$ cat upload-v5.txt   # compact mmCIF, C-alpha atoms and all ligand atoms
# COMPACT_ATOMS: atom_id res chain seq x y z
CA MET A 1 49.03 119.03 128.93
CA ARG A 2 52.56 120.16 129.84
CA GLU A 3 55.10 120.30 127.04
CA LEU A 4 57.35 117.31 126.33
CA ASN A 5 61.12 117.51 126.13
CA LYS A 6 61.64 119.75 123.10
CA ASN A 7 64.64 117.74 121.92
CA VAL A 8 62.42 114.72 121.70
CA THR A 9 59.54 116.43 119.93
CA GLN A 10 61.88 117.46 117.10
CA PHE A 11 62.91 113.83 116.42
CA LYS A 12 61.14 112.36 113.43
CA GLU A 13 60.39 108.70 112.81
CA SER A 14 63.66 107.02 111.81
CA VAL A 15 64.09 106.74 108.06
CA PHE A 16 64.75 103.00 108.52
CA ALA A 17 61.38 102.44 110.18
CA THR A 18 59.57 104.50 107.56
CA LEU A 19 61.20 102.79 104.60
CA SER A 20 60.85 99.27 106.01
CA ARG A 21 57.13 99.91 106.57
CA LEU A 22 56.73 101.25 103.01
CA ALA A 23 58.69 98.27 101.65
CA ASN A 24 56.24 95.91 103.37
CA GLU A 25 53.17 97.80 102.23
CA ASN A 26 54.38 97.75 98.63
CA GLN A 27 55.79 94.19 98.63
CA ALA A 28 59.17 95.67 97.74
CA ILE A 29 62.53 93.98 98.35
CA ASN A 30 64.02 95.76 101.35
CA LEU A 31 67.52 97.01 100.48
CA ALA A 32 66.90 99.95 102.79
CA GLN A 33 67.58 98.86 106.35
CA GLY A 34 71.15 97.82 107.13
CA PHE A 35 70.88 94.23 108.19
CA PRO A 36 71.36 90.86 106.50
CA ASP A 37 68.35 88.87 105.26
CA PHE A 38 70.17 85.73 106.46
CA ASP A 39 71.36 84.80 109.91
CA GLY A 40 74.93 84.66 111.12
CA PRO A 41 76.67 81.27 111.47
CA GLN A 42 74.72 78.47 113.14
CA TRP A 43 77.69 77.59 115.40
CA VAL A 44 77.47 81.10 116.90
CA ILE A 45 73.71 80.87 117.36
CA ASP A 46 74.19 77.50 119.09
CA LEU A 47 76.58 79.17 121.54
CA LEU A 48 73.75 81.42 122.70
CA GLY A 49 71.47 78.46 123.39
CA LYS A 50 74.24 76.86 125.41
CA SER A 51 75.01 80.00 127.40
CA ALA A 52 71.32 80.57 128.21
CA ARG A 53 71.16 77.03 129.59
CA GLY A 54 74.26 77.77 131.67
CA SER A 55 74.75 80.09 134.60
CA ALA A 56 74.68 83.55 133.03
CA ASN A 57 71.02 84.43 133.46
CA GLN A 58 71.35 87.15 136.09
CA TYR A 59 72.70 90.67 135.61
CA ALA A 60 76.15 90.88 134.08
CA PRO A 61 78.69 93.15 135.79
CA LEU A 62 78.09 96.79 134.80
CA GLU A 63 81.38 96.93 132.87
CA GLY A 64 80.57 93.67 131.03
CA ASP A 65 81.31 89.99 131.24
CA ILE A 66 85.02 89.48 131.88
CA SER A 67 85.42 86.76 129.23
CA LEU A 68 84.13 89.14 126.55
CA ARG A 69 86.18 92.12 127.72
CA LYS A 70 89.29 89.94 127.65
CA VAL A 71 88.85 88.48 124.19
CA ILE A 72 87.96 91.83 122.60
CA LEU A 73 91.07 93.46 124.04
CA GLU A 74 93.23 90.51 122.98
CA HIS A 75 92.05 91.02 119.39
CA PHE A 76 92.54 94.77 119.69
CA LYS A 77 96.13 94.22 120.79
CA ASP A 78 96.75 91.65 118.09
CA LYS A 79 95.22 93.63 115.23
CA ARG A 80 95.74 97.26 116.24
CA GLY A 81 98.84 96.92 118.40
CA LEU A 82 97.28 98.76 121.34
CA GLU A 83 96.96 97.50 124.90
CA TYR A 84 94.09 98.43 127.19
CA ASP A 85 93.29 97.36 130.74
CA THR A 86 90.57 94.71 130.90
CA GLN A 87 89.26 96.00 134.22
CA LYS A 88 89.26 99.73 133.60
CA GLU A 89 89.39 100.53 129.89
CA ILE A 90 86.54 98.70 128.18
CA THR A 91 82.78 98.78 128.77
CA ILE A 92 80.28 96.37 127.22
CA THR A 93 77.03 98.03 126.16
CA HIS A 94 73.68 97.23 124.56
CA GLY A 95 75.04 97.47 121.01
CA ALA A 96 77.29 100.16 119.59
CA THR A 97 74.36 102.56 119.70
CA GLU A 98 74.30 102.57 123.49
CA ALA A 99 78.10 103.01 123.58
CA ILE A 100 77.75 106.04 121.29
CA PHE A 101 74.94 107.51 123.38
CA CYS A 102 76.77 106.98 126.71
CA SER A 103 80.03 108.40 125.33
CA ILE A 104 78.40 111.55 123.99
CA LEU A 105 76.45 112.12 127.20
CA ALA A 106 79.59 111.48 129.23
CA LEU A 107 81.63 114.12 127.39
CA VAL A 108 79.40 116.85 126.04
CA ASN A 109 78.16 119.77 128.13
CA PRO A 110 75.50 122.15 126.82
CA GLY A 111 77.16 124.54 124.34
CA ASP A 112 80.13 122.27 123.56
CA GLU A 113 80.79 121.90 119.85
CA VAL A 114 80.87 118.46 118.28
CA ILE A 115 82.30 118.00 114.78
CA ILE A 116 80.22 115.47 112.91
CA PHE A 117 81.10 114.14 109.47
CA GLU A 118 78.02 113.93 107.28
CA PRO A 119 76.41 111.75 106.02
CA PHE A 120 76.25 110.10 109.47
CA TYR A 121 74.58 107.24 111.33
CA ASP A 122 71.49 109.05 112.55
CA SER A 123 71.85 108.29 116.26
CA TYR A 124 74.89 110.62 116.46
CA LEU A 125 72.91 113.80 115.91
CA ALA A 126 70.13 112.78 118.30
CA ALA A 127 72.64 112.07 121.08
CA ILE A 128 74.41 115.43 120.54
CA GLN A 129 71.05 117.20 120.72
CA LEU A 130 70.00 115.38 123.89
CA ALA A 131 73.31 116.39 125.49
CA GLY A 132 72.74 120.05 124.49
CA GLY A 133 75.82 120.04 122.26
CA VAL A 134 76.21 122.08 119.08
CA PRO A 135 76.74 119.92 115.99
CA VAL A 136 79.29 121.29 113.51
CA PRO A 137 78.93 119.38 110.22
CA ILE A 138 81.74 118.56 107.81
CA THR A 139 80.42 117.22 104.54
CA LEU A 140 81.95 114.28 102.73
CA LYS A 141 81.18 115.37 99.19
CA GLY A 142 80.38 112.87 96.46
CA PRO A 143 81.35 111.25 94.22
CA GLY A 144 84.66 110.65 96.10
CA PHE A 145 83.17 111.43 99.53
CA THR A 146 86.26 113.33 100.63
CA PHE A 147 86.39 116.35 102.93
CA ASP A 148 88.01 119.73 102.50
CA ILE A 149 90.93 120.15 104.89
CA ASP A 150 90.58 123.97 105.08
CA GLU A 151 86.91 123.60 105.93
CA LEU A 152 87.78 121.03 108.59
CA GLU A 153 90.45 123.26 110.11
CA LYS A 154 88.06 126.23 110.23
CA SER A 155 85.43 124.13 111.96
CA PHE A 156 87.70 123.52 114.98
CA SER A 157 87.63 126.05 117.81
CA GLN A 158 88.38 126.21 121.52
CA LYS A 159 84.82 124.96 122.01
CA THR A 160 85.40 121.72 120.05
CA LYS A 161 84.93 119.01 122.63
CA LEU A 162 84.47 115.98 120.42
CA ILE A 163 84.85 114.71 116.86
CA LEU A 164 82.50 111.95 115.71
CA PHE A 165 83.97 109.70 113.06
CA ASN A 166 82.80 106.47 111.54
CA HIS A 167 85.36 104.22 109.88
CA PRO A 168 84.77 102.30 107.59
CA HIS A 169 82.05 104.74 106.76
CA ASN A 170 78.29 104.15 106.47
CA PRO A 171 76.77 105.08 104.04
CA THR A 172 79.58 106.06 101.65
CA GLY A 173 81.62 102.84 101.98
CA ARG A 174 84.80 104.90 102.39
CA VAL A 175 87.89 103.50 104.08
CA PHE A 176 89.88 106.65 104.71
CA ASN A 177 93.57 106.84 103.84
CA ASP A 178 96.44 107.66 106.18
CA SER A 179 96.75 111.23 105.02
CA GLU A 180 93.04 111.98 105.57
CA ILE A 181 93.10 110.39 109.02
CA THR A 182 96.29 112.19 110.02
CA GLN A 183 94.63 115.51 109.16
CA ILE A 184 91.77 114.68 111.52
CA THR A 185 93.88 113.29 114.35
CA SER A 186 96.43 116.15 114.21
CA LEU A 187 93.67 118.74 114.57
CA THR A 188 92.06 116.69 117.35
CA CYS A 189 95.34 116.81 119.28
CA LYS A 190 96.02 120.48 118.43
CA TYR A 191 92.66 121.54 119.86
CA ASP A 192 92.88 119.13 122.80
CA SER A 193 89.59 117.49 121.79
CA TYR A 194 88.31 113.94 122.11
CA LEU A 195 87.45 111.66 119.22
CA LEU A 196 84.81 108.96 119.07
CA CYS A 197 85.44 106.44 116.31
CA ASP A 198 82.58 104.13 115.44
CA GLU A 199 84.24 101.06 113.92
CA VAL A 200 81.31 98.65 113.68
CA TYR A 201 82.36 97.76 110.10
CA GLU A 202 86.02 97.26 111.11
CA TYR A 203 86.22 93.82 109.47
CA LEU A 204 84.25 94.67 106.33
CA VAL A 205 87.14 96.11 104.33
CA TYR A 206 87.64 94.95 100.73
CA ASP A 207 90.43 94.46 98.21
CA HIS A 208 92.98 93.43 100.86
CA GLN A 209 93.26 96.91 102.34
CA THR A 210 94.53 97.18 105.88
CA PHE A 211 92.31 98.91 108.38
CA LYS A 212 93.73 101.10 111.14
CA SER A 213 91.85 102.33 114.18
CA LEU A 214 92.10 106.05 114.82
CA ALA A 215 93.39 105.28 118.33
CA GLN A 216 96.57 103.97 116.67
CA TYR A 217 97.63 107.41 115.41
CA PRO A 218 100.15 109.50 117.39
CA GLY A 219 98.68 111.13 120.48
CA MET A 220 95.29 109.46 120.02
CA ARG A 221 95.21 106.50 122.40
CA ASP A 222 94.02 108.43 125.41
CA ARG A 223 91.73 110.84 123.60
CA THR A 224 89.89 108.26 121.45
CA ILE A 225 86.84 106.20 122.29
CA THR A 226 86.78 103.20 119.94
CA ILE A 227 83.33 101.71 119.54
CA SER A 228 82.33 98.48 117.86
CA SER A 229 79.83 95.66 118.22
CA ILE A 230 79.15 92.08 117.30
CA GLY A 231 76.15 92.77 115.06
CA LYS A 232 77.83 93.44 111.72
CA THR A 233 80.84 91.14 112.15
CA PHE A 234 78.77 88.04 112.89
CA GLY A 235 75.65 89.00 110.91
CA LEU A 236 73.61 89.04 114.13
CA THR A 237 72.35 92.60 114.45
CA GLY A 238 69.61 91.50 116.86
CA TRP A 239 72.17 90.48 119.47
CA LYS A 240 72.99 94.09 120.33
CA VAL A 241 76.25 93.56 122.14
CA GLY A 242 78.65 96.47 121.72
CA TRP A 243 81.56 98.10 123.51
CA ALA A 244 83.57 101.24 124.09
CA ILE A 245 87.35 100.98 124.46
CA ALA A 246 88.84 104.10 126.07
CA SER A 247 91.33 105.36 128.65
CA GLU A 248 90.52 104.86 132.32
CA ASP A 249 89.21 108.43 132.77
CA LEU A 250 86.98 108.26 129.71
CA SER A 251 85.75 104.77 130.56
CA PHE A 252 84.92 105.92 134.09
CA ALA A 253 82.65 108.64 132.66
CA ILE A 254 81.09 106.32 130.04
CA ARG A 255 80.32 103.76 132.76
CA LYS A 256 78.52 106.40 134.82
CA VAL A 257 76.04 106.99 131.98
CA HIS A 258 75.80 103.30 131.15
CA GLN A 259 74.99 102.59 134.81
CA PHE A 260 71.84 104.67 134.60
CA THR A 261 70.89 103.83 131.01
CA THR A 262 70.82 100.05 130.90
CA PHE A 263 73.23 99.09 133.73
CA CYS A 264 74.38 96.07 131.70
CA ALA A 265 73.90 94.29 128.40
CA HIS A 266 72.15 90.92 128.04
CA HIS A 267 74.33 88.44 129.91
CA PRO A 268 73.92 85.14 127.99
CA THR A 269 74.57 86.98 124.72
CA GLN A 270 77.78 88.46 126.11
CA LYS A 271 79.02 84.96 127.03
CA ALA A 272 78.15 83.62 123.58
CA ALA A 273 79.78 86.64 121.91
CA ALA A 274 82.97 85.97 123.88
CA GLN A 275 83.10 82.39 122.62
CA ALA A 276 82.39 83.51 119.06
CA TYR A 277 85.27 85.99 119.29
CA GLU A 278 87.60 83.18 120.35
CA ASN A 279 87.17 81.88 116.79
CA LEU A 280 87.27 85.25 115.02
CA ASP A 281 90.48 84.61 113.08
CA ASP A 282 89.18 81.37 111.56
CA TYR A 283 85.87 82.99 110.73
CA LEU A 284 86.98 86.27 109.16
CA PRO A 285 88.47 85.20 105.78
CA THR A 286 85.23 83.52 104.62
CA PHE A 287 83.16 86.38 106.03
CA ILE A 288 85.12 89.02 104.11
CA ARG A 289 85.21 86.97 100.90
CA THR A 290 81.46 86.40 101.03
CA TYR A 291 80.70 90.11 101.41
CA GLN A 292 83.22 91.09 98.74
CA GLU A 293 81.43 88.71 96.34
CA LYS A 294 78.11 90.33 97.26
CA ARG A 295 79.58 93.79 96.70
CA ASP A 296 80.96 92.83 93.28
CA LEU A 297 77.72 91.15 92.21
CA PHE A 298 75.60 94.08 93.27
CA VAL A 299 77.85 96.85 91.94
CA GLN A 300 78.05 95.06 88.56
CA GLY A 301 74.28 94.67 88.63
CA LEU A 302 73.74 98.38 89.25
CA LYS A 303 76.10 99.17 86.38
CA SER A 304 74.10 96.88 84.12
CA CYS A 305 71.09 99.09 84.88
CA GLY A 306 73.02 102.07 83.49
CA LEU A 307 73.76 103.41 86.97
CA ASN A 308 77.11 104.67 88.19
CA PRO A 309 77.51 103.48 91.81
CA VAL A 310 80.36 104.68 94.02
CA ILE A 311 82.31 101.46 94.62
CA PRO A 312 82.46 100.88 98.38
CA GLU A 313 85.90 100.18 99.88
CA GLY A 314 84.24 98.82 103.03
CA THR A 315 80.86 98.27 104.81
CA TYR A 316 77.83 96.70 103.14
CA PHE A 317 76.35 99.83 101.59
CA VAL A 318 76.56 101.41 98.15
CA MET A 319 75.77 105.03 97.41
CA CYS A 320 74.47 105.48 93.91
CA PRO A 321 73.87 108.83 92.22
CA ILE A 322 70.38 109.35 90.79
CA PRO A 323 70.89 109.70 87.03
CA ASP A 324 70.71 113.35 85.92
CA HIS A 325 67.68 112.86 83.68
CA TYR A 326 65.48 111.84 86.64
CA ASN A 327 64.21 115.11 87.96
CA LEU A 328 63.39 113.86 91.46
CA VAL A 329 65.22 114.25 94.77
CA ALA A 330 66.09 111.14 96.76
CA GLN A 331 62.97 111.14 98.98
CA ALA A 332 60.69 111.19 95.96
CA PHE A 333 62.86 108.91 93.83
CA SER A 334 63.05 106.22 96.53
CA MET A 335 59.21 106.28 96.68
CA GLU A 336 59.10 105.89 92.92
CA LEU A 337 61.44 102.85 93.13
CA ILE A 338 59.41 101.25 95.91
CA LYS A 339 56.19 101.62 93.96
CA LYS A 340 57.35 100.98 90.40
CA ALA A 341 60.50 98.81 90.72
CA LYS A 342 59.42 97.18 94.01
CA VAL A 343 62.86 97.80 95.53
CA ALA A 344 63.30 99.83 98.71
CA THR A 345 66.39 102.01 99.20
CA ILE A 346 67.29 104.75 101.67
CA PRO A 347 67.08 108.39 100.61
CA PRO A 348 70.08 109.66 102.56
CA GLU A 349 69.00 113.27 103.22
CA SER A 350 68.30 112.49 106.88
CA PHE A 351 71.96 111.51 107.35
CA TYR A 352 72.90 115.13 106.71
CA ILE A 353 72.43 118.46 108.48
CA ASN A 354 72.97 120.10 105.06
CA GLN A 355 70.38 117.84 103.48
CA HIS A 356 70.80 119.05 99.90
CA PHE A 357 74.15 117.20 99.72
CA GLY A 358 72.26 113.91 100.00
CA GLU A 359 69.39 114.57 97.69
CA ARG A 360 70.93 113.19 94.49
CA TYR A 361 71.95 109.80 95.98
CA LEU A 362 70.30 106.58 97.09
CA ARG A 363 71.80 104.13 99.57
CA PHE A 364 71.49 100.40 98.86
CA CYS A 365 72.34 97.68 101.42
CA PHE A 366 73.86 94.58 99.85
CA ALA A 367 73.96 92.42 103.01
CA LYS A 368 71.46 90.14 101.33
CA LYS A 369 71.30 86.59 99.96
CA GLU A 370 72.59 86.19 96.41
CA GLU A 371 69.06 85.42 95.23
CA THR A 372 67.74 88.63 96.84
CA LEU A 373 70.47 90.68 95.14
CA LYS A 374 69.82 89.06 91.75
CA LYS A 375 66.07 89.55 92.05
CA SER A 376 66.55 93.22 92.99
CA ILE A 377 68.86 93.80 90.03
CA SER A 378 66.39 92.17 87.69
CA ARG A 379 63.60 94.46 88.97
CA LEU A 380 65.85 97.53 88.76
CA LYS A 381 66.89 96.58 85.20
CA ASP A 382 63.24 96.35 84.16
CA TYR A 383 62.64 99.80 85.64
CA PHE A 384 65.72 101.63 84.35
CA ASN A 385 66.10 99.94 80.96
CA HIS A 386 62.55 99.93 79.71
C1 LIG A 401 77.75 103.31 111.64
C2 LIG A 401 76.89 102.49 112.53
N1 LIG A 401 77.11 102.51 113.85
C3 LIG A 401 76.37 101.77 114.70
C4 LIG A 401 75.34 100.97 114.24
C5 LIG A 401 74.51 100.18 115.20
O1 LIG A 401 75.25 99.21 115.87
P1 LIG A 401 74.51 98.32 116.97
O2 LIG A 401 73.45 97.55 116.29
O3 LIG A 401 75.60 97.49 117.55
O4 LIG A 401 73.94 99.27 117.97
C6 LIG A 401 75.08 100.93 112.87
C7 LIG A 401 73.95 100.11 112.36
O5 LIG A 401 73.50 100.23 111.26
C8 LIG A 401 75.87 101.69 111.99
O6 LIG A 401 75.66 101.67 110.68

$ encode --input "upload-v5.txt" --output "structure tokens"
Amino acid sequence: MRELNKNVTQFKESVFATLSRLANENQAINLAQGFPDFDGPQWVIDLLGKSARGSANQYAPLEGDISLRKVILEHFKDKRGLEYDTQKEITITHGATEAIFCSILALVNPGDEVIIFEPFYDSYLAAIQLAGGVPVPITLKGPGFTFDIDELEKSFSQKTKLILFNHPHNPTGRVFNDSEITQITSLTCKYDSYLLCDEVYEYLVYDHQTFKSLAQYPGMRDRTITISSIGKTFGLTGWKVGWAIASEDLSFAIRKVHQFTTFCAHHPTQKAAAQAYENLDDYLPTFIRTYQEKRDLFVQGLKSCGLNPVIPEGTYFVMCPIPDHYNLVAQAFSMELIKKAKVATIPPESFYINQHFGERYLRFCFAKKEETLKKSISRLKDYFNH
């Protein structure tokens, strides 16, 4: 048989699929995959039923349903102070993942360098590879998960086409400060590069911090693609409605790829998402408070097991160092926890190009019911404290 695409043959099974399967096989609580074990609000789910019974059951426009484009850009203006054109500067996609894929394919030619902060959401690297780009990793080093500015500066070159950034950051939970972001955006402008900022956790920011989009920084509006989606904000990851906000030229290119990837996202869901977003401001305070309570409960629980988790400033993930006296790397240690503690976590090596930086950490997802979190902590306590 003729050979398959060699980019594709190098892709391994996603770590989320592997760990979720192992969790099932071992009757372990699944704190591995990043989705809630409870559904988003019933009033939002009801909106989908209503919109499916309405008149939105044929293809949506390629660029997305107008009501959704409008409400997203209204919130963007209100919260980030930036105006974009509803017709030309936003594209609705099948989740943030499709927006990321289309943006990378729209910008990257074979041989272009793409700076990628590691650990990263694993679809970034796959998309760079499919585009023939050259990934240039910058490591966020634990326990603070900061980057080295000299290293970052050296990684830029005339070939740097794109910087991939995720803010708030999965899996480290970092919400980056102004000085860190300015270092990134200044270099992006200096080297005339583009920046893709994945902001799917934009509303999951704790301790009353303010979140700024990278597009808000000087010189960045027209060189930034801001990506987000409804999945995390409304606890409905299965809805897969995402978007890319970008200048007219960038949006034009993104739409070309989107046209031949999916053409459009699911139409009734876009309509329901638009109506949900109309009520975003009323919904957010309870949403944030609920997740902050989950974070505090879970972080305290991990501490009570004698662990030393890195307290997340945002997102619904915690990175936790493997205690020194356990002589196992993350892959092996997560297997041990699945089998002996009956709790599944993610070994984060596959979120790195330089995998050794991830081998002494485990990632836990705390987007779970209180009872699930308490049960997990009780199992972990039995394992670590016996
Ligand atoms: C950083 C990041 N970006 C994107 C996604 C996926 O978003 P969507 O489900 O809208 O494609 C995830 C999901 O875990 C994520 O963690």

$ closest_atom_pairs --input "upload-v5.txt" --of "chain A" --to "ligand LIG 401 (chain A)" --cutoff "10 Å" --atoms "only C-alpha atoms and all ligand atoms" --output "CSV"
residue,atom,partner,partner_atom,distance
A:Phe16,CA,A:LIG401,O5,9.6
A:Gln33,CA,A:LIG401,O5,7.8
A:Gly34,CA,A:LIG401,O5,5.3
A:Phe35,CA,A:LIG401,O5,7.2
A:Thr93,CA,A:LIG401,O3,8.7
A:His94,CA,A:LIG401,O4,6.9
A:Gly95,CA,A:LIG401,O3,3.5
A:Ala96,CA,A:LIG401,O3,3.8
A:Thr97,CA,A:LIG401,O4,3.7
A:Glu98,CA,A:LIG401,O4,6.4
A:Ala99,CA,A:LIG401,O4,7.9
A:Ile100,CA,A:LIG401,C3,8.0
A:Phe101,CA,A:LIG401,O4,9.9
A:Phe120,CA,A:LIG401,C1,7.3
A:Tyr121,CA,A:LIG401,C1,5.1
A:Asp122,CA,A:LIG401,C2,8.5
A:Ser123,CA,A:LIG401,C3,8.1
A:Tyr124,CA,A:LIG401,N1,8.8
A:Phe165,CA,A:LIG401,C1,9.0
A:Asn166,CA,A:LIG401,C1,6.0
A:His167,CA,A:LIG401,C1,7.9
A:Pro168,CA,A:LIG401,C1,8.2
A:His169,CA,A:LIG401,C1,6.7
A:Asn170,CA,A:LIG401,C1,5.3
A:Pro171,CA,A:LIG401,O6,7.5
A:Cys197,CA,A:LIG401,C1,9.5
A:Asp198,CA,A:LIG401,N1,5.9
A:Glu199,CA,A:LIG401,C1,7.2
A:Val200,CA,A:LIG401,N1,5.7
A:Tyr201,CA,A:LIG401,C1,7.4
A:Ile227,CA,A:LIG401,N1,8.5
A:Ser228,CA,A:LIG401,O3,6.8
A:Ser229,CA,A:LIG401,O3,4.7
A:Ile230,CA,A:LIG401,O3,6.5
A:Gly231,CA,A:LIG401,O3,5.4
A:Lys232,CA,A:LIG401,O3,7.4
A:Thr233,CA,A:LIG401,O3,9.8
A:Leu236,CA,A:LIG401,O2,8.8
A:Thr237,CA,A:LIG401,O2,5.4
A:Gly238,CA,A:LIG401,O2,7.2
A:Trp239,CA,A:LIG401,O2,7.9
A:Lys240,CA,A:LIG401,O3,5.1
A:Val241,CA,A:LIG401,O3,6.1
A:Gly242,CA,A:LIG401,O3,5.3
A:Trp243,CA,A:LIG401,O3,8.5
A:Thr315,CA,A:LIG401,O6,8.5
A:Tyr316,CA,A:LIG401,O6,9.3
A:Phe317,CA,A:LIG401,O6,9.3

$ residues_near_point --input "upload-v5.txt" --point "(81.6, 111.6, 129.0)" --cutoff "10 Å" --atoms "all atoms listed in the file" --output "ChimeraX atom specification"
/A:101-109,194,249-257

$ closest_residue --input "upload-v5.txt" --among "A:Lys369, A:Lys212, A:Lys342, A:Arg360" --to "A:Leu22" --atoms "only C-alpha atoms"
A:Lys342

$ closest_residue --input "upload-v5.txt" --among "A:Leu195, A:Leu47, A:Ile92, A:Val114" --to "A:Asp65" --atoms "only C-alpha atoms"
A:Ile92

$ atom_distance --input "upload-v5.txt" --atom1 "atom CA of A:Glu370" --atom2 "atom CA of A:Phe298"
9.0 Å

$ closest_residue --input "upload-v5.txt" --among "A:Leu307, A:Met335, A:Cys365, A:Leu82" --to "A:Leu19" --atoms "all atoms listed in the file"
A:Met335

$ closest_residue --input "upload-v5.txt" --among "A:Leu125, A:Ala32, A:Leu280, A:Leu337" --to "A:Arg379" --atoms "all atoms listed in the file"
A:Leu337

$ residues_around --input "upload-v5.txt" --residues "A:Ile181" --least-positions-apart "4" --cutoff "12 Å" --atoms "all atoms listed in the file" --output "PDB file with C-alpha atoms, in the coordinates of the input"
ATOM      1  CA  THR A 146      86.260 113.330 100.630  1.00  0.00           C
ATOM      2  CA  PHE A 147      86.390 116.350 102.930  1.00  0.00           C
ATOM      3  CA  ILE A 149      90.930 120.150 104.890  1.00  0.00           C
ATOM      4  CA  LEU A 152      87.780 121.030 108.590  1.00  0.00           C
ATOM      5  CA  PHE A 165      83.970 109.700 113.060  1.00  0.00           C
ATOM      6  CA  ASN A 166      82.800 106.470 111.540  1.00  0.00           C
ATOM      7  CA  HIS A 167      85.360 104.220 109.880  1.00  0.00           C
ATOM      8  CA  PRO A 168      84.770 102.300 107.590  1.00  0.00           C
ATOM      9  CA  ARG A 174      84.800 104.900 102.390  1.00  0.00           C
ATOM     10  CA  VAL A 175      87.890 103.500 104.080  1.00  0.00           C
ATOM     11  CA  PHE A 176      89.880 106.650 104.710  1.00  0.00           C
ATOM     12  CA  ASN A 177      93.570 106.840 103.840  1.00  0.00           C
ATOM     13  CA  THR A 185      93.880 113.290 114.350  1.00  0.00           C
ATOM     14  CA  SER A 186      96.430 116.150 114.210  1.00  0.00           C
ATOM     15  CA  LEU A 187      93.670 118.740 114.570  1.00  0.00           C
ATOM     16  CA  THR A 188      92.060 116.690 117.350  1.00  0.00           C
ATOM     17  CA  LEU A 195      87.450 111.660 119.220  1.00  0.00           C
ATOM     18  CA  CYS A 197      85.440 106.440 116.310  1.00  0.00           C
ATOM     19  CA  PHE A 211      92.310  98.910 108.380  1.00  0.00           C
ATOM     20  CA  LYS A 212      93.730 101.100 111.140  1.00  0.00           C
ATOM     21  CA  SER A 213      91.850 102.330 114.180  1.00  0.00           C
ATOM     22  CA  LEU A 214      92.100 106.050 114.820  1.00  0.00           C
ATOM     23  CA  ALA A 215      93.390 105.280 118.330  1.00  0.00           C
ATOM     24  CA  GLN A 216      96.570 103.970 116.670  1.00  0.00           C
ATOM     25  CA  TYR A 217      97.630 107.410 115.410  1.00  0.00           C
ATOM     26  CA  PRO A 218     100.150 109.500 117.390  1.00  0.00           C
ATOM     27  CA  MET A 220      95.290 109.460 120.020  1.00  0.00           C
TER      28      MET A 220
END

$ closest_residue --input "upload-v5.txt" --among "A:Asp150, A:Glu349, A:Glu278, A:Glu336" --to "A:Arg69" --atoms "only C-alpha atoms"
A:Glu278

$ closest_residue --input "upload-v5.txt" --among "A:Tyr283, A:Tyr84, A:Tyr206, A:Tyr361" --to "A:Asp324" --atoms "all atoms listed in the file"
A:Tyr361
